Each structure stands twice: as C-alpha cells, then as structure tokens.
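J.: Would you mind keeping the following structure in view while I ask a few things?
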Amino acid sequence: MGEQMELQDLVRNNVKTRIAKDEVAVSMIVRLVQSIEIVSIARVSGFDSLYVDLEHCSFSLETTAQICMASLLAGVTPFVRVPSIESDYVSRVLDNGALGVIAPHITSARDAEKVVRNAKFPPRGERSVTVGIPHLGFQTWPVDEVRKALNDATTVIAMIEDQRGLDNAEEIAAVDGVDILMIGTNDLCADFGIDGQFEHQRVADAYRRTIEACARHGKTVGIGGLANKPKLIEQFVGLGARYVSSGADLSFLLAGAKDRAAAIRAFQNKPR
C-alpha cells in the first residue's frame, strides 16, 4: 500500500484533481519557447498545466520530452497536442513525460476510441508497456501497478472542431477513457463559415450542447481559442466548462511587450 501511494503521488495530475473538485483547471499553450524555463514561468504564474502544441509548432520529440519532464518535476501537469492520433505520436509523447494528450479534429466515437486505445495500457487500451519512464523518476515498479496508476492519471482530451464532431458529441462523451471534450473555437467558427465571430449564437449553442452531453456522461468541457474573450470564457465556465486553454507563450510575450513599449512611448507626450 505504501508503494502504491507513493506511485500515485509521482503521477499526480493537477487537471484531474481540479476537475474532480469542480474547479477550473487553467492551461498554457507552449509553441514558441523551446527551453525548460517556460515550465518555471508557468508554475510561478499559477498555471495548473501546460501543453506543447505539436500540431502547430516545429518542436522535436526530444524538445517536447524535455519540457514535459521539467513540468513533472515542477508540479505543472504536462500535456501534448499531437498532430495525429496514431500510436507513434500518442504513445511516444506519453512515454516521454506527458500526462495527457489533446487529440485534434475528433469527429466520431471511433476516433475517440482510437485515441484511448493508444493512450491507455491494457486492459483499457493497447499502449505498449515500457519501463524506466520519467513519470516514475526512471525507477522500476511492478508492471500491474504502473499500468493502473498511469491509466488513472493520463488525461485524454478530444477536440471538437467542426460540425461532424459537434453532431457526435454525445457519442464521443460516452467513450470510456475520454476525460474532456475541448472545443476548438477557431476551427469550429471556420467550419461554420463565421470566422472570428466568437459571440455568434451558433458558438454559444455548440458549447451548451457539448456541456450538456458531457454532463450526462460524467465528462467535462474544455475551452479553446477564446483566450482574448474573457467574457465568453466566464459565460461558458458558468455553464460548466472546467478546462481552459488561456493562451500561448507567444501571445503572452507579444501582449506584454506591446504594453510596455506603448507605455514608455507615451512618456514623450507628457509635459516636462
């Protein structure tokens, strides 16, 4: 029992803990900073989690692994948005430090089931068992205990980004092993033909519909693409969304730099 408790502590997942308490889990996207300093920045800024966006950046698997391993040590839960739901992405990022995967463009229960199979060890999935992984401090533990602890800790996030995924949200939410249905609002708006119209009623209806489907199956909803729309985030959190992708390292850097430059430039307009 003592070993199992310690093993569970090693694979602690802040996102799952927050959501279990009906609290909001806040995440940062990493797609610019390739060094592990971004982990400390995320921690001191109060983020529960970060995710490396391999769908939209050129990071190598090695860079991704270094950020994930640093995150584990810092107590910031590391996820990876994978460019593909095939096992050569899903299982490899998980073996190298990630505690969850964000799977883009999920349109059916069949897609979601494939992600779960590649993310979970038997008997819940088909992920190959390995030893000496960073989650465990490269220590060796009984295989059955490792499988159970990591299956419980690993988060599977299915992204809903078009009408097909939205139409099948009920079936996707019902898939055992899926934890979060995350709406990719930018791509959803593009699919709707309403680019940038985040306040459109169709967007609100999509969130409400997905939140209701998740509630029926004990799952939760994630908010993506609304980092610059705090009132919409507040609205959807009020409806029940509990995982928020709050912006990327690049956008944070740009916003801070622009504000500072503008503030200093304004000094020249003040009387001497």
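In the structure tokens, chains take the letters A, B, ... in the order shown, each chain's residues start at 1, and ligands count up from 1 in the order shown.
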So that I can check the surroundings of range 47-58 of chain A, please list as an MDAnalysis selection string every protein, DNA and RNA residue that reaches within 9 Å of it, counting only C-alpha atoms and ignoring chain neighbours fewer than 4 positions away.
T.: chainID A and resid 13:15 18 25:32 39 41:43 64 67:68 71 75:84 98 100:102 104 245
J.: Got time to write the residues from that selection, N, CA and C atoms, as a short mmCIF file (atom, residue, chain, number, x, y, z; two decimals), in the first residue's frame?
T.:
data_model
loop_
_atom_site.label_atom_id
_atom_site.label_comp_id
_atom_site.auth_asym_id
_atom_site.auth_seq_id
_atom_site.Cartn_x
_atom_site.Cartn_y
_atom_site.Cartn_z
N ASN A 13 -1.94 14.38 -11.23
CA ASN A 13 -2.43 15.15 -12.36
C ASN A 13 -3.28 16.31 -11.84
N ASN A 14 -2.75 17.54 -11.90
CA ASN A 14 -3.45 18.70 -11.37
C ASN A 14 -4.79 18.94 -12.04
N VAL A 15 -4.86 18.67 -13.34
CA VAL A 15 -6.10 18.92 -14.08
C VAL A 15 -7.21 18.02 -13.57
N ARG A 18 -8.29 19.19 -10.05
CA ARG A 18 -9.14 20.38 -10.10
C ARG A 18 -10.56 20.04 -10.54
N ALA A 25 -9.46 24.26 -14.21
CA ALA A 25 -8.05 23.98 -14.47
C ALA A 25 -7.58 24.90 -15.59
N VAL A 26 -6.50 25.63 -15.34
CA VAL A 26 -6.02 26.64 -16.27
C VAL A 26 -4.73 26.16 -16.93
N SER A 27 -4.68 26.25 -18.26
CA SER A 27 -3.55 25.71 -19.01
C SER A 27 -2.94 26.76 -19.93
N MET A 28 -1.64 26.62 -20.16
CA MET A 28 -0.89 27.46 -21.09
C MET A 28 -0.46 26.63 -22.30
N ILE A 29 -0.55 27.24 -23.49
CA ILE A 29 -0.04 26.60 -24.69
C ILE A 29 1.43 26.96 -24.85
N VAL A 30 2.26 25.98 -25.19
CA VAL A 30 3.68 26.23 -25.48
C VAL A 30 3.93 25.89 -26.94
N ARG A 31 4.29 26.93 -27.71
CA ARG A 31 4.63 26.68 -29.11
C ARG A 31 5.79 27.55 -29.59
N LEU A 32 6.37 28.37 -28.68
CA LEU A 32 7.48 29.23 -29.05
C LEU A 32 8.74 28.91 -28.26
N VAL A 39 8.60 26.23 -18.14
CA VAL A 39 7.92 25.50 -17.07
C VAL A 39 7.88 26.31 -15.79
N ILE A 41 8.11 29.51 -15.57
CA ILE A 41 7.23 30.65 -15.82
C ILE A 41 5.77 30.24 -15.63
N ALA A 42 5.41 29.07 -16.14
CA ALA A 42 4.04 28.58 -15.97
C ALA A 42 3.72 28.35 -14.50
N ARG A 43 4.68 27.79 -13.77
CA ARG A 43 4.43 27.49 -12.35
C ARG A 43 4.25 28.75 -11.53
N THR A 64 10.08 18.38 -26.80
CA THR A 64 8.80 18.15 -26.12
C THR A 64 9.01 17.34 -24.85
N ILE A 67 10.58 19.43 -21.98
CA ILE A 67 9.60 20.32 -21.34
C ILE A 67 8.65 19.51 -20.46
N CYS A 68 8.22 18.36 -20.94
CA CYS A 68 7.31 17.53 -20.15
C CYS A 68 7.98 17.02 -18.88
N SER A 71 8.26 19.72 -16.40
CA SER A 71 6.93 20.01 -15.86
C SER A 71 6.56 19.03 -14.75
N GLY A 75 5.66 20.18 -10.87
CA GLY A 75 4.28 20.09 -10.43
C GLY A 75 3.30 20.78 -11.36
N VAL A 76 3.71 20.99 -12.62
CA VAL A 76 2.83 21.55 -13.65
C VAL A 76 2.49 20.41 -14.61
N THR A 77 1.24 20.03 -14.68
CA THR A 77 0.86 18.84 -15.45
C THR A 77 1.10 19.04 -16.95
N PRO A 78 1.94 18.18 -17.57
CA PRO A 78 2.26 18.36 -18.99
C PRO A 78 1.35 17.55 -19.91
N PHE A 79 0.76 18.24 -20.87
CA PHE A 79 0.01 17.61 -21.95
C PHE A 79 0.71 17.91 -23.27
N VAL A 80 0.34 17.18 -24.30
CA VAL A 80 0.82 17.45 -25.65
C VAL A 80 -0.37 17.39 -26.61
N ARG A 81 -0.51 18.45 -27.42
CA ARG A 81 -1.48 18.35 -28.52
C ARG A 81 -0.75 17.69 -29.68
N VAL A 82 -1.19 16.50 -30.02
CA VAL A 82 -0.49 15.70 -31.03
C VAL A 82 -1.00 16.06 -32.43
N PRO A 83 -0.15 15.93 -33.44
CA PRO A 83 -0.59 16.22 -34.80
C PRO A 83 -1.37 15.08 -35.43
N SER A 84 -1.35 13.92 -34.79
CA SER A 84 -2.02 12.74 -35.31
C SER A 84 -2.43 11.86 -34.13
N ALA A 98 4.67 13.19 -21.01
CA ALA A 98 3.34 13.79 -20.98
C ALA A 98 2.40 12.99 -20.10
N GLY A 100 -0.92 13.52 -20.56
CA GLY A 100 -2.17 13.57 -21.29
C GLY A 100 -1.94 14.01 -22.71
N VAL A 101 -2.90 13.68 -23.57
CA VAL A 101 -2.84 14.10 -24.96
C VAL A 101 -4.11 14.86 -25.32
N ILE A 102 -3.91 15.88 -26.15
CA ILE A 102 -5.02 16.61 -26.74
C ILE A 102 -5.09 16.19 -28.19
N PRO A 104 -6.61 16.44 -31.82
CA PRO A 104 -7.38 17.38 -32.64
C PRO A 104 -8.32 16.68 -33.61
N SER A 245 -7.93 26.60 -21.89
CA SER A 245 -6.69 26.94 -22.56
C SER A 245 -6.64 28.46 -22.65
#
J.: Find the residues around Ala206 in chain A up to 12 Å (only C-alpha atoms counted), leave out those fewer than 2 positions away in its own chain, and share them as number ranges by chain.
T.: A: 160-169, 181-185, 188-189, 192, 198-204, 208-213, 221, 223, 236, 239
J.: Between A:Val143, A:Asn186, A:Ala158, A:Glu37, which residue has the minimum interatomic distance to Cys214 in chain A, considering only C-alpha atoms?
T.: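 That would be A:Ala158, the residue with the smallest distance to Cys214 in chain A.
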J.: Can you list, as a PyMOL selection string, every residue of range 40-224 of chain A that DSSP puts in strand (DSSP E)?
T.: chain A and resi 49-53+77-81+100-103+155-160+180-184+220-224
J.: So how many Å separate CA of Val156 in chain A and CA of Leu72 in chain A, to one decimal?
T.: 17.3 Å
J.: Report the distance between CA of Met69 in chain A and CA of Ser45 in chain A in Å, rounded to one decimal place.
T.: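 We find that CA of Met69 in chain A and CA of Ser45 in chain A lie 18.6 Å from each other.
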